[in-house]
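Structure file target-v6.cif (mmCIF, N, CA and C atoms) is printed below.
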```cif
data_upload
loop_
_atom_site.label_atom_id
_atom_site.label_comp_id
_atom_site.auth_asym_id
_atom_site.auth_seq_id
_atom_site.Cartn_x
_atom_site.Cartn_y
_atom_site.Cartn_z
N MET R 262 7.01 3.23 19.36
CA MET R 262 5.63 3.02 18.97
C MET R 262 5.14 1.76 19.68
N ASN R 263 4.00 1.89 20.34
CA ASN R 263 3.46 0.74 21.09
C ASN R 263 2.83 -0.28 20.14
N PRO R 264 2.57 -1.49 20.64
CA PRO R 264 2.06 -2.56 19.76
C PRO R 264 0.73 -2.23 19.08
N GLU R 265 -0.15 -1.49 19.75
CA GLU R 265 -1.43 -1.14 19.14
C GLU R 265 -1.24 -0.23 17.94
N LYS R 266 -0.36 0.76 18.10
CA LYS R 266 -0.09 1.67 16.99
C LYS R 266 0.60 0.94 15.84
N LEU R 267 1.53 0.08 16.19
CA LEU R 267 2.24 -0.69 15.17
C LEU R 267 1.28 -1.60 14.40
N ALA R 268 0.32 -2.18 15.11
CA ALA R 268 -0.67 -3.03 14.45
C ALA R 268 -1.50 -2.24 13.45
N ALA R 269 -1.86 -1.02 13.79
CA ALA R 269 -2.63 -0.18 12.86
C ALA R 269 -1.79 0.23 11.67
N VAL R 270 -0.56 0.66 11.92
CA VAL R 270 0.31 1.14 10.85
C VAL R 270 0.67 0.02 9.87
N LEU R 271 0.82 -1.20 10.36
CA LEU R 271 1.16 -2.32 9.48
C LEU R 271 -0.05 -3.12 9.03
N GLY R 272 -1.10 -3.13 9.82
CA GLY R 272 -2.28 -3.92 9.48
C GLY R 272 -3.15 -3.30 8.41
N ILE R 273 -3.29 -2.00 8.44
CA ILE R 273 -4.16 -1.33 7.47
C ILE R 273 -3.63 -1.48 6.04
N PRO R 274 -2.34 -1.32 5.78
CA PRO R 274 -1.89 -1.57 4.40
C PRO R 274 -2.03 -3.04 3.99
N LEU R 275 -2.03 -3.95 4.96
CA LEU R 275 -2.28 -5.36 4.63
C LEU R 275 -3.69 -5.56 4.10
N VAL R 276 -4.64 -4.79 4.62
CA VAL R 276 -6.01 -4.84 4.10
C VAL R 276 -6.02 -4.38 2.65
N GLY R 277 -5.33 -3.26 2.37
CA GLY R 277 -5.25 -2.77 0.99
C GLY R 277 -4.58 -3.77 0.08
N TRP R 278 -3.49 -4.38 0.56
CA TRP R 278 -2.81 -5.39 -0.25
C TRP R 278 -3.72 -6.58 -0.52
N GLY R 279 -4.47 -7.01 0.49
CA GLY R 279 -5.39 -8.13 0.31
C GLY R 279 -6.47 -7.82 -0.73
N LEU R 280 -6.98 -6.60 -0.72
CA LEU R 280 -7.97 -6.20 -1.72
C LEU R 280 -7.35 -6.19 -3.11
N CYS R 281 -6.12 -5.68 -3.21
CA CYS R 281 -5.42 -5.69 -4.50
C CYS R 281 -5.16 -7.12 -4.97
N ALA R 282 -4.78 -7.99 -4.05
CA ALA R 282 -4.54 -9.39 -4.41
C ALA R 282 -5.82 -10.05 -4.90
N ALA R 283 -6.94 -9.71 -4.27
CA ALA R 283 -8.22 -10.27 -4.71
C ALA R 283 -8.56 -9.78 -6.12
N ILE R 284 -8.35 -8.50 -6.37
CA ILE R 284 -8.61 -7.95 -7.70
C ILE R 284 -7.71 -8.63 -8.73
N MET R 285 -6.45 -8.80 -8.39
CA MET R 285 -5.53 -9.43 -9.32
C MET R 285 -5.89 -10.90 -9.55
N GLY R 286 -6.26 -11.59 -8.49
CA GLY R 286 -6.65 -12.99 -8.64
C GLY R 286 -7.89 -13.16 -9.50
N ILE R 287 -8.89 -12.35 -9.25
CA ILE R 287 -10.11 -12.41 -10.07
C ILE R 287 -9.81 -11.99 -11.50
N GLY R 288 -8.99 -10.95 -11.64
CA GLY R 288 -8.63 -10.48 -12.98
C GLY R 288 -7.88 -11.53 -13.78
N MET R 289 -6.95 -12.21 -13.15
CA MET R 289 -6.18 -13.24 -13.86
C MET R 289 -7.03 -14.45 -14.21
N ALA R 290 -8.08 -14.70 -13.42
CA ALA R 290 -8.95 -15.84 -13.70
C ALA R 290 -9.96 -15.54 -14.81
N THR R 291 -10.26 -14.25 -15.01
CA THR R 291 -11.33 -13.91 -15.95
C THR R 291 -10.89 -13.08 -17.14
N LEU R 292 -9.69 -12.52 -17.10
CA LEU R 292 -9.22 -11.61 -18.15
C LEU R 292 -7.85 -12.05 -18.65
N PRO R 293 -7.45 -11.59 -19.82
CA PRO R 293 -6.05 -11.81 -20.24
C PRO R 293 -5.11 -11.09 -19.27
N LEU R 294 -3.90 -11.59 -19.13
CA LEU R 294 -2.95 -11.05 -18.15
C LEU R 294 -2.73 -9.56 -18.32
N GLY R 295 -2.54 -9.08 -19.55
CA GLY R 295 -2.30 -7.66 -19.77
C GLY R 295 -3.45 -6.78 -19.30
N VAL R 296 -4.66 -7.21 -19.55
CA VAL R 296 -5.84 -6.46 -19.11
C VAL R 296 -5.95 -6.49 -17.60
N ALA R 297 -5.68 -7.65 -16.99
CA ALA R 297 -5.73 -7.77 -15.54
C ALA R 297 -4.71 -6.85 -14.88
N LEU R 298 -3.51 -6.76 -15.46
CA LEU R 298 -2.49 -5.87 -14.91
C LEU R 298 -2.90 -4.41 -15.00
N ILE R 299 -3.50 -4.02 -16.12
CA ILE R 299 -3.98 -2.63 -16.26
C ILE R 299 -5.09 -2.35 -15.26
N PHE R 300 -6.03 -3.28 -15.15
CA PHE R 300 -7.12 -3.11 -14.20
C PHE R 300 -6.59 -2.99 -12.78
N HIS R 301 -5.61 -3.81 -12.43
CA HIS R 301 -5.00 -3.75 -11.10
C HIS R 301 -4.28 -2.42 -10.88
N ALA R 302 -3.57 -1.95 -11.90
CA ALA R 302 -2.85 -0.68 -11.77
C ALA R 302 -3.81 0.49 -11.58
N LEU R 303 -4.99 0.40 -12.16
CA LEU R 303 -5.99 1.45 -11.97
C LEU R 303 -6.72 1.32 -10.63
N ALA R 304 -6.96 0.09 -10.20
CA ALA R 304 -7.71 -0.14 -8.97
C ALA R 304 -6.88 0.09 -7.71
N ALA R 305 -5.58 -0.22 -7.76
CA ALA R 305 -4.74 -0.14 -6.57
C ALA R 305 -4.75 1.25 -5.92
N PRO R 306 -4.52 2.32 -6.67
CA PRO R 306 -4.53 3.62 -6.00
C PRO R 306 -5.91 4.00 -5.48
N ILE R 307 -6.96 3.59 -6.17
CA ILE R 307 -8.32 3.89 -5.69
C ILE R 307 -8.58 3.18 -4.37
N LEU R 308 -8.19 1.90 -4.28
CA LEU R 308 -8.34 1.17 -3.03
C LEU R 308 -7.54 1.82 -1.91
N PHE R 309 -6.32 2.24 -2.23
CA PHE R 309 -5.47 2.83 -1.18
C PHE R 309 -5.90 4.24 -0.80
N ILE R 310 -6.65 4.92 -1.64
CA ILE R 310 -7.25 6.18 -1.22
C ILE R 310 -8.21 5.91 -0.07
N PHE R 311 -9.05 4.89 -0.22
CA PHE R 311 -10.01 4.56 0.83
C PHE R 311 -9.32 4.01 2.07
N VAL R 312 -8.35 3.14 1.87
CA VAL R 312 -7.63 2.55 3.00
C VAL R 312 -6.86 3.62 3.78
N SER R 313 -6.17 4.49 3.07
CA SER R 313 -5.39 5.52 3.76
C SER R 313 -6.30 6.59 4.37
N ALA R 314 -7.43 6.89 3.74
CA ALA R 314 -8.37 7.84 4.34
C ALA R 314 -8.88 7.30 5.67
N PHE R 315 -9.18 6.01 5.71
CA PHE R 315 -9.58 5.38 6.97
C PHE R 315 -8.47 5.51 8.00
N TYR R 316 -7.25 5.21 7.60
CA TYR R 316 -6.11 5.30 8.53
C TYR R 316 -5.95 6.72 9.07
N PHE R 317 -5.97 7.72 8.20
CA PHE R 317 -5.73 9.09 8.65
C PHE R 317 -6.90 9.65 9.44
N GLN R 318 -8.11 9.24 9.16
CA GLN R 318 -9.26 9.71 9.93
C GLN R 318 -9.32 9.05 11.30
N ARG R 319 -8.89 7.82 11.38
CA ARG R 319 -9.03 7.05 12.60
C ARG R 319 -7.78 7.07 13.48
N PHE R 320 -6.59 7.05 12.85
CA PHE R 320 -5.36 6.88 13.63
C PHE R 320 -4.36 8.01 13.40
N ALA R 321 -3.83 8.15 12.21
CA ALA R 321 -2.85 9.18 11.85
C ALA R 321 -1.66 9.20 12.82
N TYR R 322 -1.09 8.03 13.07
CA TYR R 322 0.06 7.94 13.96
C TYR R 322 1.35 8.40 13.28
N THR R 323 1.35 8.44 11.97
CA THR R 323 2.54 8.82 11.22
C THR R 323 2.19 9.93 10.24
N THR R 324 3.21 10.64 9.78
CA THR R 324 2.98 11.71 8.81
C THR R 324 2.55 11.11 7.47
N PRO R 325 1.93 11.93 6.62
CA PRO R 325 1.54 11.40 5.31
C PRO R 325 2.71 10.80 4.52
N LEU R 326 3.87 11.44 4.53
CA LEU R 326 5.01 10.91 3.79
C LEU R 326 5.50 9.61 4.38
N ASN R 327 5.63 9.56 5.70
CA ASN R 327 6.06 8.31 6.36
C ASN R 327 5.05 7.20 6.11
N THR R 328 3.78 7.53 6.17
CA THR R 328 2.73 6.53 5.94
C THR R 328 2.80 6.00 4.52
N ALA R 329 3.03 6.89 3.56
CA ALA R 329 3.14 6.44 2.16
C ALA R 329 4.30 5.47 2.01
N PHE R 330 5.44 5.76 2.63
CA PHE R 330 6.58 4.85 2.57
C PHE R 330 6.24 3.52 3.24
N ILE R 331 5.62 3.57 4.41
CA ILE R 331 5.29 2.33 5.13
C ILE R 331 4.30 1.49 4.34
N PHE R 332 3.24 2.12 3.83
CA PHE R 332 2.24 1.37 3.06
C PHE R 332 2.87 0.74 1.82
N ALA R 333 3.69 1.51 1.11
CA ALA R 333 4.33 0.98 -0.10
C ALA R 333 5.29 -0.16 0.25
N LEU R 334 6.03 -0.03 1.33
CA LEU R 334 6.96 -1.08 1.72
C LEU R 334 6.24 -2.35 2.18
N VAL R 335 5.11 -2.20 2.85
CA VAL R 335 4.33 -3.38 3.24
C VAL R 335 3.85 -4.11 1.98
N VAL R 336 3.35 -3.35 1.01
CA VAL R 336 2.90 -3.96 -0.25
C VAL R 336 4.06 -4.64 -0.96
N LEU R 337 5.21 -3.97 -1.03
CA LEU R 337 6.38 -4.56 -1.69
C LEU R 337 6.83 -5.82 -0.97
N PHE R 338 6.84 -5.80 0.35
CA PHE R 338 7.22 -6.97 1.15
C PHE R 338 6.30 -8.14 0.86
N MET R 339 4.99 -7.89 0.86
CA MET R 339 4.02 -8.96 0.61
C MET R 339 4.11 -9.47 -0.83
N ASP R 340 4.29 -8.56 -1.78
CA ASP R 340 4.44 -8.98 -3.18
C ASP R 340 5.68 -9.87 -3.34
N PHE R 341 6.77 -9.50 -2.70
CA PHE R 341 8.00 -10.27 -2.84
C PHE R 341 7.87 -11.64 -2.15
N PHE R 342 7.54 -11.62 -0.87
CA PHE R 342 7.57 -12.86 -0.11
C PHE R 342 6.37 -13.77 -0.37
N VAL R 343 5.19 -13.22 -0.52
CA VAL R 343 4.01 -14.07 -0.70
C VAL R 343 3.77 -14.37 -2.18
N VAL R 344 3.63 -13.31 -2.98
CA VAL R 344 3.26 -13.54 -4.39
C VAL R 344 4.42 -14.14 -5.17
N SER R 345 5.60 -13.51 -5.10
CA SER R 345 6.72 -14.00 -5.91
C SER R 345 7.28 -15.33 -5.42
N LEU R 346 7.61 -15.41 -4.15
CA LEU R 346 8.30 -16.60 -3.66
C LEU R 346 7.37 -17.77 -3.36
N VAL R 347 6.16 -17.51 -2.86
CA VAL R 347 5.27 -18.60 -2.49
C VAL R 347 4.32 -18.97 -3.62
N VAL R 348 3.62 -17.99 -4.18
CA VAL R 348 2.60 -18.28 -5.19
C VAL R 348 3.23 -18.54 -6.56
N ASN R 349 3.98 -17.56 -7.08
CA ASN R 349 4.55 -17.70 -8.44
C ASN R 349 5.82 -18.54 -8.48
N ARG R 350 6.55 -18.58 -7.38
CA ARG R 350 7.83 -19.27 -7.28
C ARG R 350 8.87 -18.76 -8.28
N ASN R 351 8.76 -17.47 -8.61
CA ASN R 351 9.77 -16.79 -9.43
C ASN R 351 9.61 -15.30 -9.24
N LEU R 352 10.59 -14.55 -9.73
CA LEU R 352 10.59 -13.10 -9.55
C LEU R 352 10.24 -12.35 -10.83
N SER R 353 9.62 -13.03 -11.78
CA SER R 353 9.36 -12.42 -13.08
C SER R 353 8.43 -11.22 -13.00
N MET R 354 7.56 -11.17 -12.01
CA MET R 354 6.64 -10.04 -11.91
C MET R 354 7.37 -8.73 -11.68
N PHE R 355 8.59 -8.78 -11.14
CA PHE R 355 9.35 -7.56 -10.90
C PHE R 355 10.01 -7.02 -12.16
N ALA R 356 10.04 -7.82 -13.21
CA ALA R 356 10.61 -7.37 -14.49
C ALA R 356 9.62 -6.54 -15.29
N ASN R 357 8.34 -6.66 -14.99
CA ASN R 357 7.30 -5.94 -15.71
C ASN R 357 6.89 -4.71 -14.90
N PRO R 358 7.11 -3.51 -15.43
CA PRO R 358 6.74 -2.31 -14.67
C PRO R 358 5.27 -2.28 -14.25
N LEU R 359 4.41 -2.83 -15.09
CA LEU R 359 2.99 -2.85 -14.77
C LEU R 359 2.66 -3.90 -13.72
N GLY R 360 3.55 -4.86 -13.55
CA GLY R 360 3.32 -5.92 -12.58
C GLY R 360 3.49 -5.47 -11.14
N VAL R 361 4.47 -4.60 -10.87
CA VAL R 361 4.74 -4.18 -9.50
C VAL R 361 4.98 -2.68 -9.39
N TRP R 362 5.88 -2.17 -10.22
CA TRP R 362 6.43 -0.84 -9.98
C TRP R 362 5.44 0.30 -10.19
N ILE R 363 4.64 0.25 -11.24
CA ILE R 363 3.65 1.31 -11.47
C ILE R 363 2.57 1.29 -10.40
N PRO R 364 1.97 0.13 -10.09
CA PRO R 364 0.99 0.14 -9.00
C PRO R 364 1.60 0.60 -7.67
N LEU R 365 2.84 0.22 -7.40
CA LEU R 365 3.50 0.62 -6.15
C LEU R 365 3.68 2.14 -6.10
N LEU R 366 4.10 2.73 -7.19
CA LEU R 366 4.25 4.19 -7.25
C LEU R 366 2.90 4.87 -7.07
N LEU R 367 1.87 4.32 -7.69
CA LEU R 367 0.52 4.90 -7.56
C LEU R 367 -0.02 4.74 -6.14
N ILE R 368 0.27 3.63 -5.49
CA ILE R 368 -0.13 3.43 -4.09
C ILE R 368 0.56 4.45 -3.20
N PHE R 369 1.87 4.63 -3.41
CA PHE R 369 2.62 5.62 -2.63
C PHE R 369 2.02 7.01 -2.81
N THR R 370 1.79 7.39 -4.06
CA THR R 370 1.27 8.73 -4.36
C THR R 370 -0.13 8.92 -3.79
N ALA R 371 -1.00 7.92 -3.97
CA ALA R 371 -2.37 8.02 -3.46
C ALA R 371 -2.39 8.14 -1.94
N THR R 372 -1.55 7.37 -1.28
CA THR R 372 -1.49 7.41 0.19
C THR R 372 -0.98 8.76 0.67
N HIS R 373 0.07 9.27 0.04
CA HIS R 373 0.64 10.55 0.46
C HIS R 373 -0.35 11.69 0.25
N ILE R 374 -0.94 11.77 -0.92
CA ILE R 374 -1.88 12.86 -1.22
C ILE R 374 -3.12 12.76 -0.33
N THR R 375 -3.63 11.55 -0.13
CA THR R 375 -4.78 11.37 0.76
C THR R 375 -4.44 11.83 2.17
N GLY R 376 -3.25 11.48 2.63
CA GLY R 376 -2.82 11.92 3.96
C GLY R 376 -2.74 13.43 4.07
N LEU R 377 -2.20 14.07 3.06
CA LEU R 377 -2.13 15.54 3.08
C LEU R 377 -3.52 16.16 3.10
N LEU R 378 -4.43 15.60 2.31
CA LEU R 378 -5.78 16.16 2.25
C LEU R 378 -6.56 15.92 3.54
N VAL R 379 -6.46 14.71 4.08
CA VAL R 379 -7.23 14.39 5.29
C VAL R 379 -6.69 15.12 6.50
N THR R 380 -5.38 15.22 6.61
CA THR R 380 -4.79 15.88 7.79
C THR R 380 -4.70 17.39 7.59
N GLY R 381 -5.05 17.87 6.43
CA GLY R 381 -4.96 19.30 6.17
C GLY R 381 -3.53 19.77 6.00
N GLY R 382 -2.63 18.83 5.78
CA GLY R 382 -1.22 19.18 5.59
C GLY R 382 -0.55 19.69 6.85
N ARG R 383 -1.21 19.51 8.00
CA ARG R 383 -0.60 20.02 9.25
C ARG R 383 0.72 19.31 9.51
N ARG R 384 1.59 20.03 10.11
CA ARG R 384 2.90 19.47 10.44
C ARG R 384 2.81 18.73 11.77
N TYR R 385 3.52 17.65 11.84
CA TYR R 385 3.55 16.86 13.06
C TYR R 385 4.76 17.29 13.86
N SER R 386 4.58 17.40 15.17
CA SER R 386 5.70 17.78 16.01
C SER R 386 6.30 16.52 16.62
N LEU R 387 7.60 16.53 16.77
CA LEU R 387 8.28 15.40 17.40
C LEU R 387 8.08 15.48 18.91
N PRO R 388 7.86 14.34 19.55
CA PRO R 388 7.69 14.38 21.01
C PRO R 388 9.00 14.76 21.68
N ALA R 389 8.89 15.46 22.80
CA ALA R 389 10.08 15.87 23.54
C ALA R 389 10.75 14.63 24.11
N ARG R 390 12.06 14.68 24.13
CA ARG R 390 12.81 13.53 24.66
C ARG R 390 13.17 13.72 26.10
#
```
As a first step, turn the structure in this file into structure tokens.
Amino acid sequence: MNPEKLAAVLGIPLVGWGLCAAIMGIGMATLPLGVALIFHALAAPILFIFVSAFYFQRFAYTTPLNTAFIFALVVLFMDFFVVSLVVNRNLSMFANPLGVWIPLLLIFTATHITGLLVTGGRRYSLPAR
């Protein structure tokens, strides 16, 4: 995969993660933590429907399943290294299913289903070697 394709595949989920981080930051500043977590869990898949629809309409360099894995792993990577280690300075958010795991599962599912719908479920062929 060339650098331009890699930038799209990794950069677009970073946009989704940034939007989720903004929602979580605003939610934590204005709402009780439990309500903010629920709001984030509901907003994350909606945001990733739009983010992944943009990706599949514009680029679609990877299959819907691969894209769902990549998007979820980018979010998990950023949550671990930026939110847990830099911002919170602890890993407690990973103990709460609503803190990481449910939104991550919903992001994966939203990305995969959006990819199937936008691409029409067409199968991707492997390039000849």
Item checked: Residue nearest Ile273 of chain R - candidates R:Val361, R:Ile374, R:Leu308, R:Val344, atoms counted: only C-alpha atoms ->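 Distance minimum relative to Ile273 of chain R lands on R:Leu308.
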Taking the file as shown, what set of residues would the PyMOL selection byres ((chain R and resi 326) around 7) give back, as an mmCIF file with N, CA and C atoms, in the coordinates of the input?
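Output saved as part-v5.cif:
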```cif
data_model
loop_
_atom_site.group_PDB
_atom_site.id
_atom_site.type_symbol
_atom_site.label_atom_id
_atom_site.label_comp_id
_atom_site.auth_asym_id
_atom_site.auth_seq_id
_atom_site.Cartn_x
_atom_site.Cartn_y
_atom_site.Cartn_z
ATOM 1 N N THR R 323 1.350 8.440 11.970
ATOM 2 C CA THR R 323 2.540 8.820 11.220
ATOM 3 C C THR R 323 2.190 9.930 10.240
ATOM 4 N N THR R 324 3.210 10.640 9.780
ATOM 5 C CA THR R 324 2.980 11.710 8.810
ATOM 6 C C THR R 324 2.550 11.110 7.470
ATOM 7 N N PRO R 325 1.930 11.930 6.620
ATOM 8 C CA PRO R 325 1.540 11.400 5.310
ATOM 9 C C PRO R 325 2.710 10.800 4.520
ATOM 10 N N ASN R 327 5.630 9.560 5.700
ATOM 11 C CA ASN R 327 6.060 8.310 6.360
ATOM 12 C C ASN R 327 5.050 7.200 6.110
ATOM 13 N N THR R 328 3.780 7.530 6.170
ATOM 14 C CA THR R 328 2.730 6.530 5.940
ATOM 15 C C THR R 328 2.800 6.000 4.520
ATOM 16 N N ALA R 329 3.030 6.890 3.560
ATOM 17 C CA ALA R 329 3.140 6.440 2.160
ATOM 18 C C ALA R 329 4.300 5.470 2.010
ATOM 19 N N PHE R 330 5.440 5.760 2.630
ATOM 20 C CA PHE R 330 6.580 4.850 2.570
ATOM 21 C C PHE R 330 6.240 3.520 3.240
ATOM 22 N N ILE R 331 5.620 3.570 4.410
ATOM 23 C CA ILE R 331 5.290 2.330 5.130
ATOM 24 C C ILE R 331 4.300 1.490 4.340
ATOM 25 N N THR R 372 -1.550 7.370 -1.280
ATOM 26 C CA THR R 372 -1.490 7.410 0.190
ATOM 27 C C THR R 372 -0.980 8.760 0.670
ATOM 28 N N HIS R 373 0.070 9.270 0.040
ATOM 29 C CA HIS R 373 0.640 10.550 0.460
ATOM 30 C C HIS R 373 -0.350 11.690 0.250
ATOM 31 N N GLY R 376 -3.250 11.480 2.630
ATOM 32 C CA GLY R 376 -2.820 11.920 3.960
ATOM 33 C C GLY R 376 -2.740 13.430 4.070
ATOM 34 N N LEU R 377 -2.200 14.070 3.060
ATOM 35 C CA LEU R 377 -2.130 15.540 3.080
ATOM 36 C C LEU R 377 -3.520 16.160 3.100
#
```
Next item on the list: Could you jot down the atom CA of Val336 of chain R to atom CA of Trp278 of chain R separation for me, Å, one decimal place?
Entry: 5.9 Å
Notebook entry, point to check: For Ala304 of chain R, which of R:Pro274, R:Phe342, R:Ile284, R:Ala321 is the closest residue, counting all atoms listed in the file?
Noted result: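 Of R:Pro274, R:Phe342, R:Ile284, R:Ala321, the one nearest Ala304 of chain R is R:Ile284, counting all atoms listed in the file.
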Note to self: I'd like the neighbourhood of Asn263 of chain R as a ChimeraX atom specification, where a residue qualifies if any of its atoms comes within 12 Å (using only C-alpha atoms), though same-chain residues fewer than 6 positions away should be ignored.
What the structure shows: /R:269-270,322
Check: Care to translate the PyMOL selection byres (((chain R and resi 357-359 and name CA) around 9) and name CA) into actual residues of this file, as a PyMOL selection string?
Finding: chain R and resi 295+298-299+301-302+353-356+360-364
Check: atom C of Ala297 of chain R to atom CA of Met285 of chain R: how many Å, to one decimal?
Finding: 6.2 Å
Checklist line | 7 Å contact set for segment 379-383 of chain R, all atoms listed in the file, chain neighbours under 5 positions out, as a VMD selection string | finding: chain R and resid 314 317 to 318 374
Margin query: Just the number, please: distance in Å from atom N of Leu337 of chain R to atom CA of Pro306 of chain R, one decimal.
Written below: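 Straight-line distance from atom N of Leu337 of chain R to atom CA of Pro306 of chain R works out to 13.3 Å.
Distances from R:Val276, R:Leu334, R:Ile287, R:Ala268 to Leu366 of chain R were compared using only C-alpha atoms, and the smallest one belongs to R:Leu334.
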Notebook entry, point to check: Got a sec to tell me which of segment 264-374 of chain R DSSP assigns to alpha helix (DSSP H), as a ChimeraX atom specification?
Noted result: /R:264-291,294-319,325-339,363-374
